[in-house]
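Engineer: Have a peek at query.cif (mmCIF, C-alpha atoms).
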```
data_upload
#
loop_
_atom_site.group_PDB
_atom_site.id
_atom_site.type_symbol
_atom_site.label_atom_id
_atom_site.label_comp_id
_atom_site.auth_asym_id
_atom_site.auth_seq_id
_atom_site.Cartn_x
_atom_site.Cartn_y
_atom_site.Cartn_z
ATOM 1 C CA GLY A 1 -52.305 -8.941 5.231
ATOM 2 C CA GLN A 2 -51.734 -6.398 2.547
ATOM 3 C CA GLN A 3 -51.020 -2.913 3.825
ATOM 4 C CA VAL A 4 -50.854 0.275 1.823
ATOM 5 C CA MET A 5 -49.454 3.401 3.386
ATOM 6 C CA GLN A 6 -49.979 6.810 1.828
ATOM 7 C CA ILE A 7 -47.684 9.708 2.674
ATOM 8 C CA PRO A 8 -47.698 12.483 3.585
ATOM 9 C CA GLN A 9 -50.994 12.810 5.419
ATOM 10 C CA TYR A 10 -51.087 16.571 4.837
ATOM 11 C CA GLN A 11 -49.250 18.928 2.525
ATOM 12 C CA HIS A 12 -49.478 22.692 2.561
ATOM 13 C CA VAL A 13 -47.892 24.455 -0.441
ATOM 14 C CA GLN A 14 -47.727 27.892 -1.986
ATOM 15 C CA GLU A 15 -49.391 28.206 -5.357
ATOM 16 C CA GLY A 16 -46.857 27.372 -8.037
ATOM 17 C CA GLU A 17 -44.927 24.872 -5.932
ATOM 18 C CA ASP A 18 -44.840 21.197 -6.814
ATOM 19 C CA PHE A 19 -46.550 18.454 -4.822
ATOM 20 C CA THR A 20 -46.047 14.700 -4.580
ATOM 21 C CA THR A 21 -47.962 11.994 -2.727
ATOM 22 C CA TYR A 22 -46.754 8.426 -2.391
ATOM 23 C CA CYS A 23 -48.520 5.127 -1.974
ATOM 24 C CA ASN A 24 -46.432 2.217 -0.659
ATOM 25 C CA SER A 25 -47.531 -1.394 -0.410
ATOM 26 C CA SER A 26 -46.009 -4.288 1.499
ATOM 27 C CA THR A 27 -46.975 -6.645 -1.330
ATOM 28 C CA THR A 28 -47.163 -6.510 -5.121
ATOM 29 C CA LEU A 29 -50.250 -4.816 -6.507
ATOM 30 C CA SER A 30 -51.910 -5.936 -9.732
ATOM 31 C CA ASN A 31 -52.897 -2.358 -10.483
ATOM 32 C CA ILE A 32 -53.542 0.905 -8.706
ATOM 33 C CA GLN A 33 -56.032 3.713 -9.098
ATOM 34 C CA TRP A 34 -55.917 7.338 -8.002
ATOM 35 C CA TYR A 35 -58.914 9.398 -6.911
ATOM 36 C CA LYS A 36 -59.348 13.049 -5.933
ATOM 37 C CA GLN A 37 -61.893 14.291 -3.415
ATOM 38 C CA ARG A 38 -62.525 18.010 -3.232
ATOM 39 C CA PRO A 39 -63.519 19.484 0.153
ATOM 40 C CA GLY A 40 -67.174 18.629 0.712
ATOM 41 C CA GLY A 41 -67.200 16.461 -2.383
ATOM 42 C CA HIS A 42 -66.927 12.821 -3.301
ATOM 43 C CA PRO A 43 -64.030 10.794 -4.736
ATOM 44 C CA VAL A 44 -63.549 11.205 -8.461
ATOM 45 C CA PHE A 45 -61.509 8.749 -10.498
ATOM 46 C CA LEU A 46 -58.311 10.176 -11.971
ATOM 47 C CA ILE A 47 -56.373 7.282 -13.470
ATOM 48 C CA GLN A 48 -55.461 3.616 -13.338
ATOM 49 C CA LEU A 49 -51.952 2.187 -13.642
ATOM 50 C CA VAL A 50 -51.424 -1.455 -14.546
ATOM 51 C CA LYS A 51 -47.949 -2.049 -15.942
ATOM 52 C CA SER A 52 -44.667 -2.176 -14.069
ATOM 53 C CA GLY A 53 -42.855 1.162 -14.382
ATOM 54 C CA GLU A 54 -45.840 2.786 -16.073
ATOM 55 C CA VAL A 55 -45.947 6.583 -16.262
ATOM 56 C CA LYS A 56 -49.039 8.508 -17.276
ATOM 57 C CA LYS A 57 -49.602 12.232 -17.530
ATOM 58 C CA GLN A 58 -52.703 14.380 -17.313
ATOM 59 C CA LYS A 59 -51.725 18.004 -17.912
ATOM 60 C CA ARG A 60 -49.808 18.978 -14.736
ATOM 61 C CA LEU A 61 -50.351 15.588 -13.068
ATOM 62 C CA THR A 62 -47.844 12.750 -13.471
ATOM 63 C CA PHE A 63 -48.640 9.276 -12.189
ATOM 64 C CA GLN A 64 -46.060 6.515 -11.745
ATOM 65 C CA PHE A 65 -46.235 2.837 -10.902
ATOM 66 C CA GLY A 66 -43.033 1.387 -9.485
ATOM 67 C CA GLU A 67 -41.016 -1.278 -11.249
ATOM 68 C CA ALA A 68 -41.836 -3.784 -8.512
ATOM 69 C CA LYS A 69 -45.509 -2.697 -8.528
ATOM 70 C CA LYS A 70 -45.312 -2.022 -4.812
ATOM 71 C CA ASN A 71 -45.436 1.737 -4.906
ATOM 72 C CA SER A 72 -46.998 4.554 -6.833
ATOM 73 C CA SER A 73 -46.781 8.314 -6.862
ATOM 74 C CA LEU A 74 -48.794 11.295 -8.002
ATOM 75 C CA HIS A 75 -46.856 14.460 -8.786
ATOM 76 C CA ILE A 76 -48.453 17.822 -9.493
ATOM 77 C CA THR A 77 -46.310 20.464 -11.166
ATOM 78 C CA ALA A 78 -46.938 24.118 -10.332
ATOM 79 C CA THR A 79 -49.940 23.645 -8.085
ATOM 80 C CA GLN A 80 -53.021 25.804 -8.454
ATOM 81 C CA THR A 81 -55.839 26.505 -6.021
ATOM 82 C CA THR A 82 -58.028 24.150 -8.043
ATOM 83 C CA ASP A 83 -55.751 21.284 -6.981
ATOM 84 C CA VAL A 84 -56.963 21.549 -3.390
ATOM 85 C CA GLY A 85 -58.423 18.313 -2.071
ATOM 86 C CA THR A 86 -57.534 14.886 -0.806
ATOM 87 C CA TYR A 87 -55.795 12.434 -3.123
ATOM 88 C CA PHE A 88 -56.341 8.725 -2.567
ATOM 89 C CA CYS A 89 -54.687 5.694 -4.047
ATOM 90 C CA ALA A 90 -56.809 2.555 -4.242
ATOM 91 C CA TYR A 91 -56.253 -1.066 -5.159
ATOM 92 C CA GLY A 92 -57.950 -4.446 -5.074
ATOM 93 C CA GLY A 93 -60.115 -5.102 -8.079
ATOM 94 C CA ASN A 94 -63.773 -4.192 -7.726
ATOM 95 C CA LYS A 95 -63.523 -4.451 -3.937
ATOM 96 C CA LEU A 96 -61.347 -1.402 -3.620
ATOM 97 C CA THR A 97 -59.214 -0.676 -0.597
ATOM 98 C CA PHE A 98 -58.355 2.986 -0.298
ATOM 99 C CA GLY A 99 -55.205 4.499 1.095
ATOM 100 C CA THR A 100 -55.423 6.985 3.925
ATOM 101 C CA GLY A 101 -55.188 9.908 1.518
ATOM 102 C CA THR A 102 -53.045 13.018 1.304
ATOM 103 C CA GLN A 103 -54.805 16.290 1.967
ATOM 104 C CA LEU A 104 -53.408 19.092 -0.179
ATOM 105 C CA LYS A 105 -53.886 22.750 0.669
ATOM 106 C CA VAL A 106 -52.695 25.450 -1.706
ATOM 107 C CA GLU A 107 -52.101 29.020 -0.549
ATOM 108 C CA LEU A 108 -52.006 32.030 -2.819
ATOM 109 C CA GLU B 1 -72.024 14.858 -12.475
ATOM 110 C CA THR B 2 -75.427 13.161 -12.079
ATOM 111 C CA GLY B 3 -74.522 9.558 -12.927
ATOM 112 C CA VAL B 4 -74.949 8.440 -9.310
ATOM 113 C CA THR B 5 -77.408 10.209 -7.039
ATOM 114 C CA GLN B 6 -77.953 9.815 -3.333
ATOM 115 C CA THR B 7 -80.741 10.947 -1.043
ATOM 116 C CA PRO B 8 -80.963 12.443 1.415
ATOM 117 C CA ARG B 9 -77.805 14.529 1.303
ATOM 118 C CA HIS B 10 -77.966 15.176 5.036
ATOM 119 C CA LEU B 11 -79.627 13.155 7.780
ATOM 120 C CA VAL B 12 -79.820 13.626 11.513
ATOM 121 C CA MET B 13 -81.298 10.761 13.495
ATOM 122 C CA GLY B 14 -81.633 9.548 17.030
ATOM 123 C CA MET B 15 -80.327 6.204 18.155
ATOM 124 C CA THR B 16 -83.799 4.677 18.206
ATOM 125 C CA ASN B 17 -84.845 5.867 14.754
ATOM 126 C CA LYS B 18 -85.104 3.833 11.587
ATOM 127 C CA LYS B 19 -84.113 5.509 8.349
ATOM 128 C CA SER B 20 -82.998 4.540 4.867
ATOM 129 C CA LEU B 21 -80.399 5.923 2.496
ATOM 130 C CA LYS B 22 -81.085 5.687 -1.203
ATOM 131 C CA CYS B 23 -78.707 5.464 -4.129
ATOM 132 C CA GLU B 24 -79.565 5.437 -7.807
ATOM 133 C CA GLN B 25 -77.201 5.017 -10.726
ATOM 134 C CA HIS B 26 -78.086 6.095 -14.258
ATOM 135 C CA LEU B 27 -75.030 4.583 -15.923
ATOM 136 C CA GLY B 28 -76.224 1.073 -16.704
ATOM 137 C CA HIS B 29 -73.623 -0.394 -14.366
ATOM 138 C CA ASN B 30 -73.677 -3.904 -12.938
ATOM 139 C CA ALA B 31 -72.072 -3.425 -9.539
ATOM 140 C CA MET B 32 -72.933 -1.075 -6.686
ATOM 141 C CA TYR B 33 -71.167 -0.346 -3.425
ATOM 142 C CA TRP B 34 -71.643 1.277 -0.039
ATOM 143 C CA TYR B 35 -68.668 2.981 1.619
ATOM 144 C CA LYS B 36 -68.308 4.714 4.958
ATOM 145 C CA GLN B 37 -66.032 7.731 5.292
ATOM 146 C CA SER B 38 -65.306 8.890 8.825
ATOM 147 C CA ALA B 39 -63.143 11.824 9.801
ATOM 148 C CA LYS B 40 -59.464 10.962 9.754
ATOM 149 C CA LYS B 41 -60.095 7.396 8.569
ATOM 150 C CA PRO B 42 -59.747 5.911 5.114
ATOM 151 C CA LEU B 43 -62.764 5.062 3.032
ATOM 152 C CA GLU B 44 -64.161 1.749 4.254
ATOM 153 C CA LEU B 45 -65.943 -0.616 1.905
ATOM 154 C CA MET B 46 -69.140 -1.863 3.554
ATOM 155 C CA PHE B 47 -71.104 -3.816 0.968
ATOM 156 C CA VAL B 48 -70.775 -4.882 -2.658
ATOM 157 C CA TYR B 49 -73.670 -5.872 -4.889
ATOM 158 C CA SER B 50 -73.015 -7.413 -8.248
ATOM 159 C CA LEU B 51 -75.878 -8.167 -10.619
ATOM 160 C CA GLU B 52 -78.198 -7.519 -7.660
ATOM 161 C CA GLU B 53 -76.565 -10.174 -5.489
ATOM 162 C CA ARG B 54 -74.628 -9.243 -2.374
ATOM 163 C CA VAL B 55 -71.072 -10.442 -2.863
ATOM 164 C CA GLU B 56 -69.296 -8.709 -0.031
ATOM 165 C CA ASN B 57 -70.119 -7.812 3.541
ATOM 166 C CA ASN B 58 -67.090 -6.398 5.268
ATOM 167 C CA SER B 59 -68.006 -7.358 8.837
ATOM 168 C CA VAL B 60 -70.560 -4.587 9.005
ATOM 169 C CA PRO B 61 -72.812 -4.552 12.107
ATOM 170 C CA SER B 62 -76.340 -5.801 11.559
ATOM 171 C CA ARG B 63 -77.762 -2.364 12.359
ATOM 172 C CA PHE B 64 -76.820 -1.597 8.735
ATOM 173 C CA SER B 65 -78.962 -3.548 6.277
ATOM 174 C CA PRO B 66 -78.449 -3.158 2.528
ATOM 175 C CA GLU B 67 -81.015 -3.833 -0.155
ATOM 176 C CA CYS B 68 -80.613 -3.938 -3.920
ATOM 177 C CA PRO B 69 -84.027 -4.341 -5.581
ATOM 178 C CA ASN B 70 -82.627 -3.897 -9.096
ATOM 179 C CA SER B 71 -79.409 -2.995 -10.841
ATOM 180 C CA SER B 72 -80.067 0.743 -10.647
ATOM 181 C CA HIS B 73 -81.048 1.124 -7.011
ATOM 182 C CA LEU B 74 -79.308 0.468 -3.725
ATOM 183 C CA PHE B 75 -80.575 1.164 -0.241
ATOM 184 C CA LEU B 76 -78.957 1.178 3.166
ATOM 185 C CA HIS B 77 -81.474 0.658 5.959
ATOM 186 C CA LEU B 78 -80.399 2.013 9.321
ATOM 187 C CA HIS B 79 -81.740 1.131 12.766
ATOM 188 C CA THR B 80 -80.572 1.622 16.352
ATOM 189 C CA LEU B 81 -77.400 3.347 15.240
ATOM 190 C CA GLN B 82 -74.688 4.604 17.552
ATOM 191 C CA PRO B 83 -73.104 8.073 17.608
ATOM 192 C CA GLU B 84 -69.879 6.549 16.246
ATOM 193 C CA ASP B 85 -71.819 5.657 13.089
ATOM 194 C CA SER B 86 -71.913 9.347 12.201
ATOM 195 C CA ALA B 87 -70.047 9.647 8.912
ATOM 196 C CA LEU B 88 -70.349 10.337 5.200
ATOM 197 C CA TYR B 89 -71.942 7.342 3.474
ATOM 198 C CA LEU B 90 -70.962 7.063 -0.146
ATOM 199 C CA CYS B 91 -72.531 4.965 -2.837
ATOM 200 C CA ALA B 92 -70.600 3.972 -5.948
ATOM 201 C CA SER B 93 -71.168 1.932 -9.067
ATOM 202 C CA SER B 94 -68.977 0.261 -11.677
ATOM 203 C CA GLN B 95 -69.566 -1.266 -15.072
ATOM 204 C CA LYS B 96 -68.237 -4.767 -14.646
ATOM 205 C CA PRO B 97 -69.781 -7.263 -12.258
ATOM 206 C CA ALA B 98 -67.655 -7.651 -9.138
ATOM 207 C CA GLY B 99 -65.125 -10.432 -9.447
ATOM 208 C CA THR B 100 -64.686 -9.999 -13.181
ATOM 209 C CA SER B 101 -61.146 -10.870 -14.100
ATOM 210 C CA GLY B 102 -58.935 -8.280 -15.644
ATOM 211 C CA SER B 103 -58.044 -4.781 -14.591
ATOM 212 C CA THR B 104 -59.834 -2.914 -11.869
ATOM 213 C CA ASP B 105 -63.002 -1.191 -12.991
ATOM 214 C CA THR B 106 -63.487 2.526 -12.421
ATOM 215 C CA GLN B 107 -65.895 3.364 -9.647
ATOM 216 C CA TYR B 108 -68.235 6.334 -9.900
ATOM 217 C CA PHE B 109 -69.256 7.841 -6.615
ATOM 218 C CA GLY B 110 -72.409 9.627 -5.607
ATOM 219 C CA PRO B 111 -72.298 12.848 -3.570
ATOM 220 C CA GLY B 112 -72.846 10.986 -0.292
ATOM 221 C CA THR B 113 -75.203 11.281 2.647
ATOM 222 C CA ARG B 114 -73.815 13.114 5.672
ATOM 223 C CA LEU B 115 -75.257 11.175 8.630
ATOM 224 C CA THR B 116 -75.286 12.447 12.192
ATOM 225 C CA VAL B 117 -76.472 10.140 14.958
ATOM 226 C CA LEU B 118 -77.447 11.898 18.174
#
```
With the file now loaded, output its structure as structure tokens.
Structural biologist:
Amino acid sequence: GQQVMQIPQYQHVQEGEDFTTYCNSSTTLSNIQWYKQRPGGHPVFLIQLVKSGEVKKQKRLTFQFGEAKKNSSLHITATQTTDVGTYFCAYGGNKLTFGTGTQLKVEL
Amino acid sequence: ETGVTQTPRHLVMGMTNKKSLKCEQHLGHNAMYWYKQSAKKPLELMFVYSLEERVENNSVPSRFSPECPNSSHLFLHLHTLQPEDSALYLCASSQKPAGTSGSTDTQYFGPGTRLTVL
């Protein structure tokens, strides 16, 4: 069956450093979504990628969908304490399957 | 964000109790979902309701019983739970009915119910 691995599981950075999380699938994905969950909070939709090689930006966040549509990444430039949380990729139409998530901690 | 509300926010119950979780969406959406989030495990989809019909049951034990009386409300009835059922239970909704062709629809999550089973 389809498997999506998200790496790393944890990332601890100093404020101002960059951060990247990766989502890798064993099969081609029709599209992929990214969600952020703050500590004690609930997942909040960030973005959806549909096209092969697509790149989208939201301020300091850059999202990419691989050419083969088997992997995706989320890159944060110059992290801030407000970026703390767990970042999930998700796929599968309305019946979403979530990746394992990457927990980001940002130190001052 | 108050588009999707859940009550109660916290619940402690014994294994012999019966309780219900409630979810309400104020977004006019057509699909609603229950997810389970356990520590160190990915979000697990439990049930999907589309246009008030259950369209997905991901091998969830019968001690969890969903109910969708209308498009705005979703319940999860709990009975004879086990301690391993302790988790954050999240409700979500989306605009398109489940199974609609085209790109994936955005899901809007409620704040969750933190359930502890003693």
Engineer: Would you kindly return, as a PyMOL selection string, each protein, DNA or RNA residue with an atom no farther than 12 Å from any atom of Val13 of chain A, considering all atoms listed in the file and excluding same-chain residues fewer than 3 positions away?
Structural biologist: chain A and resi 10+16-20+76-81+83-84+103-108
Engineer: Using only C-alpha atoms, find the residues of chain A whose closest atom to chain B is at most 6 Å away, then write them as a list in words.
Structural biologist: His42, Gly93, Asn94, Phe98 and Thr100 of chain A
Engineer: Mind pulling up the distance from atom CA of Leu27 of chain B to atom CA of Thr5 of chain B?
Structural biologist: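 Rounded to one decimal, the two atoms are 10.8 Å apart.
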Engineer: Name the residues in contact with segment 65-82 of chain B at a cut-off of 7 Å, using all atoms listed in the file, excluding same-chain residues fewer than 4 positions from it; report them as a VMD selection string.
Structural biologist: chain B and resid 15 to 26 30 51 to 52 117
Engineer: Got a sec to resolve the PyMOL selection byres ((chain A and resi 86) around 8) on this structure and send the residues as a ChimeraX atom specification?
Structural biologist: /A:36-39,84-85,87-88,101-104
Engineer: Using atom CA of Gly14 of chain B and atom CA of Pro83 of chain B as the two end points, give the distance in Å to one decimal.
Structural biologist: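 These two atoms are separated by 8.7 Å.
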Engineer: Give me, please, the distance in Å between atom CA of Ala39 of chain B and atom CA of Gln3 of chain A, quoted to one decimal.
Structural biologist: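 Computed distance, atom CA of Ala39 of chain B to atom CA of Gln3 of chain A, equals 20.0 Å.
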Engineer: Check which residues satisfy the PyMOL selection byres ((chain A and resi 74) around 12) in the file shown, then give them as a ChimeraX atom specification.
Structural biologist: /A:6-8,18-24,32-36,46-49,55-58,60-66,71-73,75-77,86-89,101-102,104
Engineer: In the coordinate frame of the file, compute which residues have an atom within 10 Å of (-77.0, 13.4, 7.7) when using all atoms listed in the file, and state them as a VMD selection string.
Structural biologist: chain B and resid 7 to 13 21 86 to 89 112 to 117
Engineer: Take the PyMOL selection byres ((chain A and resi 26) around 7), apply it to the structure above, and return the hits as number ranges by chain.
Structural biologist: A: 2-4, 24-25, 27, 70
Engineer: Measuring atom to atom with only C-alpha atoms, identify which of B:Asn57, B:Phe64, B:Leu118, B:Val4 is nearest to Val44 of chain A.
Structural biologist: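 Between B:Asn57, B:Phe64, B:Leu118, B:Val4, the residue approaching Val44 of chain A most closely is B:Val4.
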Engineer: Can you report as lines of an AutoDock Vina configuration file the centre and edge lengths in Å, to one decimal, of an axis-aligned box around the listed atoms of segment 37-45 of chain A padded with 5 Å on each side?
Structural biologist:
```
center_x = -64.4
center_y = 14.1
center_z = -4.9
size_x = 15.7
size_y = 20.7
size_z = 21.2
```
